[in-house]
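Pasted below: protein35.pdb, PDB, C-alpha atoms.
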ATOM      1  CA  MET A   1       0.000   0.000   0.000
ATOM      2  CA  ILE A   2       1.026   3.603  -0.568
ATOM      3  CA  ILE A   3       1.254   5.880   2.461
ATOM      4  CA  SER A   4       0.838   9.614   1.904
ATOM      5  CA  ILE A   5       1.782  11.904   4.804
ATOM      6  CA  THR A   6       1.493  15.678   5.100
ATOM      7  CA  SER A   7       2.263  18.314   7.699
ATOM      8  CA  ILE A   8       0.759  21.787   7.711
ATOM      9  CA  LYS A   9       2.168  24.621   9.813
ATOM     10  CA  LEU A  10      -0.559  27.242  10.218
ATOM     11  CA  ARG A  11       0.090  30.994  10.075
ATOM     12  CA  LYS A  12      -2.215  31.581  13.024
ATOM     13  CA  TRP A  13      -3.647  28.972  15.372
ATOM     14  CA  TRP A  14      -7.235  30.050  14.656
ATOM     15  CA  TYR A  15      -6.772  29.116  10.996
ATOM     16  CA  PHE A  16      -7.446  25.633  12.360
ATOM     17  CA  PHE A  17     -11.122  26.379  11.735
ATOM     18  CA  ARG A  18     -10.513  27.040   8.031
ATOM     19  CA  LEU A  19      -8.348  23.930   7.885
ATOM     20  CA  THR A  20     -11.179  21.915   9.449
ATOM     21  CA  ILE A  21     -13.659  23.123   6.828
ATOM     22  CA  HIS A  22     -11.266  22.113   4.050
ATOM     23  CA  GLY A  23     -10.725  18.773   5.814
ATOM     24  CA  ALA A  24     -14.439  18.026   5.941
ATOM     25  CA  LYS A  25     -14.808  18.700   2.213
ATOM     26  CA  ILE A  26     -11.748  16.574   1.443
ATOM     27  CA  GLN A  27     -13.091  13.673   3.516
ATOM     28  CA  HIS A  28     -16.321  13.848   1.539
ATOM     29  CA  GLN A  29     -14.283  13.685  -1.683
ATOM     30  CA  LEU A  30     -12.202  10.776  -0.335
ATOM     31  CA  ARG A  31     -15.248   8.554   0.179
ATOM     32  CA  LYS A  32     -15.769   8.526  -3.590
ATOM     33  CA  GLU A  33     -12.141   8.005  -4.645
ATOM     34  CA  LYS A  34     -10.959   4.848  -6.380
ATOM     35  CA  GLY A  35      -8.047   3.271  -4.537
ATOM     36  CA  PHE A  36      -8.586   5.088  -1.245
ATOM     37  CA  ILE A  37      -8.175   2.806   1.793
ATOM     38  CA  ARG A  38      -7.943   4.882   4.966
ATOM     39  CA  MET A  39      -7.214   8.324   6.405
ATOM     40  CA  LYS A  40      -6.386   9.748   9.807
ATOM     41  CA  ASN A  41      -5.191  13.102  11.091
ATOM     42  CA  THR A  42      -3.904  14.794  14.210
ATOM     43  CA  GLY A  43      -2.667  18.174  15.328
ATOM     44  CA  TRP A  44      -2.859  20.998  17.787
ATOM     45  CA  GLY A  45      -2.123  24.702  17.655
ATOM     46  CA  TYR A  46       0.006  25.513  14.632
ATOM     47  CA  ASP A  47       1.042  21.981  13.588
ATOM     48  CA  HIS A  48      -1.290  19.490  11.887
ATOM     49  CA  TYR A  49      -0.691  16.141  10.171
ATOM     50  CA  THR A  50      -2.572  13.861   7.796
ATOM     51  CA  LEU A  51      -1.950  10.268   6.775
ATOM     52  CA  SER A  52      -3.799   8.538   3.973
ATOM     53  CA  VAL A  53      -3.457   5.040   2.567
ATOM     54  CA  TRP A  54      -3.906   4.211  -1.125
ATOM     55  CA  GLU A  55      -3.734   1.246  -3.455
ATOM     56  CA  THR A  56      -1.499   2.989  -6.036
ATOM     57  CA  GLU A  57       0.464   6.199  -6.685
ATOM     58  CA  GLU A  58      -1.857   6.870  -9.632
ATOM     59  CA  ASP A  59      -4.838   6.897  -7.253
ATOM     60  CA  ILE A  60      -3.143   9.564  -5.092
ATOM     61  CA  ARG A  61      -2.216  11.724  -8.092
ATOM     62  CA  ARG A  62      -5.740  11.624  -9.468
ATOM     63  CA  PHE A  63      -7.168  12.562  -6.061
ATOM     64  CA  TYR A  64      -4.967  15.545  -5.269
ATOM     65  CA  LYS A  65      -5.333  17.141  -8.694
ATOM     66  CA  GLN A  66      -9.097  17.665  -8.446
ATOM     67  CA  GLY A  67     -12.048  18.706  -6.325
ATOM     68  CA  ALA A  68     -11.874  19.788  -2.701
ATOM     69  CA  HIS A  69      -8.247  18.762  -2.312
ATOM     70  CA  LEU A  70      -7.112  20.879  -5.266
ATOM     71  CA  ASN A  71      -9.094  23.829  -3.903
ATOM     72  CA  ALA A  72      -7.482  23.426  -0.469
ATOM     73  CA  MET A  73      -3.991  23.265  -2.030
ATOM     74  CA  LYS A  74      -4.649  26.499  -3.924
ATOM     75  CA  GLN A  75      -5.575  28.224  -0.649
ATOM     76  CA  SER A  76      -2.785  26.716   1.457
ATOM     77  CA  LYS A  77      -0.510  29.755   1.118
ATOM     78  CA  GLU A  78      -3.215  31.870   2.804
ATOM     79  CA  ILE A  79      -3.447  29.716   5.933
ATOM     80  CA  ALA A  80      -0.033  28.017   6.138
ATOM     81  CA  THR A  81       3.614  29.045   6.359
ATOM     82  CA  GLU A  82       4.789  25.563   5.383
ATOM     83  CA  VAL A  83       3.455  22.310   3.964
ATOM     84  CA  ARG A  84       5.509  19.089   3.791
ATOM     85  CA  THR A  85       4.505  15.956   1.896
ATOM     86  CA  PHE A  86       5.924  12.514   1.274
ATOM     87  CA  HIS A  87       4.626   9.255  -0.271
ATOM     88  CA  TYR A  88       6.139   5.815   0.226
ATOM     89  CA  THR A  89       5.283   2.135   0.092
ATOM     90  CA  SER A  90       4.775   0.176   3.324
ATOM     91  CA  GLU A  91       2.745  -2.688   4.734
ATOM     92  CA  THR A  92       2.387  -0.980   8.135
ATOM     93  CA  LEU A  93       1.156   2.429   9.225
ATOM     94  CA  PRO A  94       3.689   4.718  10.896
ATOM     95  CA  SER A  95       3.206   6.236  14.338
ATOM     96  CA  TRP A  96       2.726  10.011  14.505
ATOM     97  CA  LYS A  97       6.312  10.332  15.778
ATOM     98  CA  GLU A  98       7.502   8.404  12.722
ATOM     99  CA  VAL A  99       5.382  10.659  10.485
ATOM    100  CA  ARG A 100       7.058  13.761  11.950
ATOM    101  CA  ASP A 101      10.527  12.235  11.581
ATOM    102  CA  ILE A 102       9.940  11.115   7.975
ATOM    103  CA  LEU A 103       8.580  14.508   6.954
ATOM    104  CA  GLU A 104      11.499  16.297   8.604
ATOM    105  CA  GLU A 105      14.042  14.072   6.873
ATOM    106  CA  LYS A 106      12.473  13.321   3.474
ATOM    107  CA  GLY A 107       9.445  15.568   2.985
ATOM    108  CA  LYS A 108       9.019  17.844   0.000
ATOM    109  CA  VAL A 109       8.831  21.326   1.563
ATOM    110  CA  MET A 110       6.671  24.193   0.312
ATOM    111  CA  LYS A 111       7.254  27.423   2.238
ATOM    112  CA  TYR A 112       5.005  30.454   1.961
ATOM    113  CA  GLN A 113       5.968  34.022   2.877
TER     114      GLN A 113
END

Once more with this new file: its structure as structure tokens, please.
Amino acid sequence: MIISITSIKLRKWWYFFRLTIHGAKIQHQLRKEKGFIRMKNTGWGYDHYTLSVWETEEDIRRFYKQGAHLNAMKQSKEIATEVRTFHYTSETLPSWKEVRDILEEKGKVMKYQ
């Protein structure tokens, strides 16, 4: 299975509410996606994390280039100072500590002024 992990560092802690609205729309989109297996998220204050599990890389690419997820990505520079992402293959789910470590070491970083 393909594991997709993301961290989002918010500009202001109260942007959590905007993030939550985007998250709800994305979860609605996920329910309809081919190849989607599972999702979970965590976070507090400025730092938030998502983990999703997919059958293939193609399924992830199709998902993030459309709908609610694409809309959220377009608005990320308004609510975030940094977004990190990484995809990899694994048969087990990482712990949240492992997610943080992987993103710090290997994540693709997008910084916003």

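Restricting the calculation to all atoms listed in the file, the smallest distance between A:Gln113 and any of A:Arg11, A:Ile37, A:Tyr64, A:Ile3 is found for A:Arg11.
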
Please provide the set of residues having any atom within 12 Å of A:Glu91, restricted to all atoms listed in the file, with same-chain residues fewer than 6 positions apart removed, written as an NGL selection string.
:A and (1-3 or 53-55)

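Between atom CA of A:Ala68 and atom CA of A:Phe36 the separation is 15.1 Å.
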
Which residues, named as in the file, does the PyMOL selection byres ((chain A and resi 22) around 12) pick out? Answer as number ranges by chain.
A: 15-21, 23-29, 67-76, 79

From the options A:Thr42, A:Phe86, A:Leu93, A:Thr81, which residue's atoms come nearest to A:Glu105, counting all atoms listed in the file?
A:Phe86

For the structure shown, which residues end up in the PyMOL selection byres ((chain A and resi 107) around 12)? Put them as a ChimeraX atom specification, please?
/A:4-8,82-88,99-106,108-110

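Taking atom CA of A:Lys34 and atom CA of A:Thr92 as the two end points, the separation is 20.6 Å.
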
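Using all atoms listed in the file, the nearest neighbour of A:Lys40 within the list A:Lys77, A:Pro94, A:Trp13, A:Thr89 is A:Pro94.
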
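If you look at atom CA of A:Thr50 and atom CA of A:Gly35, they are 17.2 Å away from each other.
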
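When all atoms listed in the file are used to measure the gap to A:Thr56, the shortest distance among A:Lys9, A:Ser90, A:Arg31, A:Ala80 belongs to A:Ser90.
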
Neighbours of point (-1.8, 23.7, 17.1) within 9 Å, using only C-alpha atoms, written as number ranges by chain
A: 9-10, 12-14, 16, 43-48
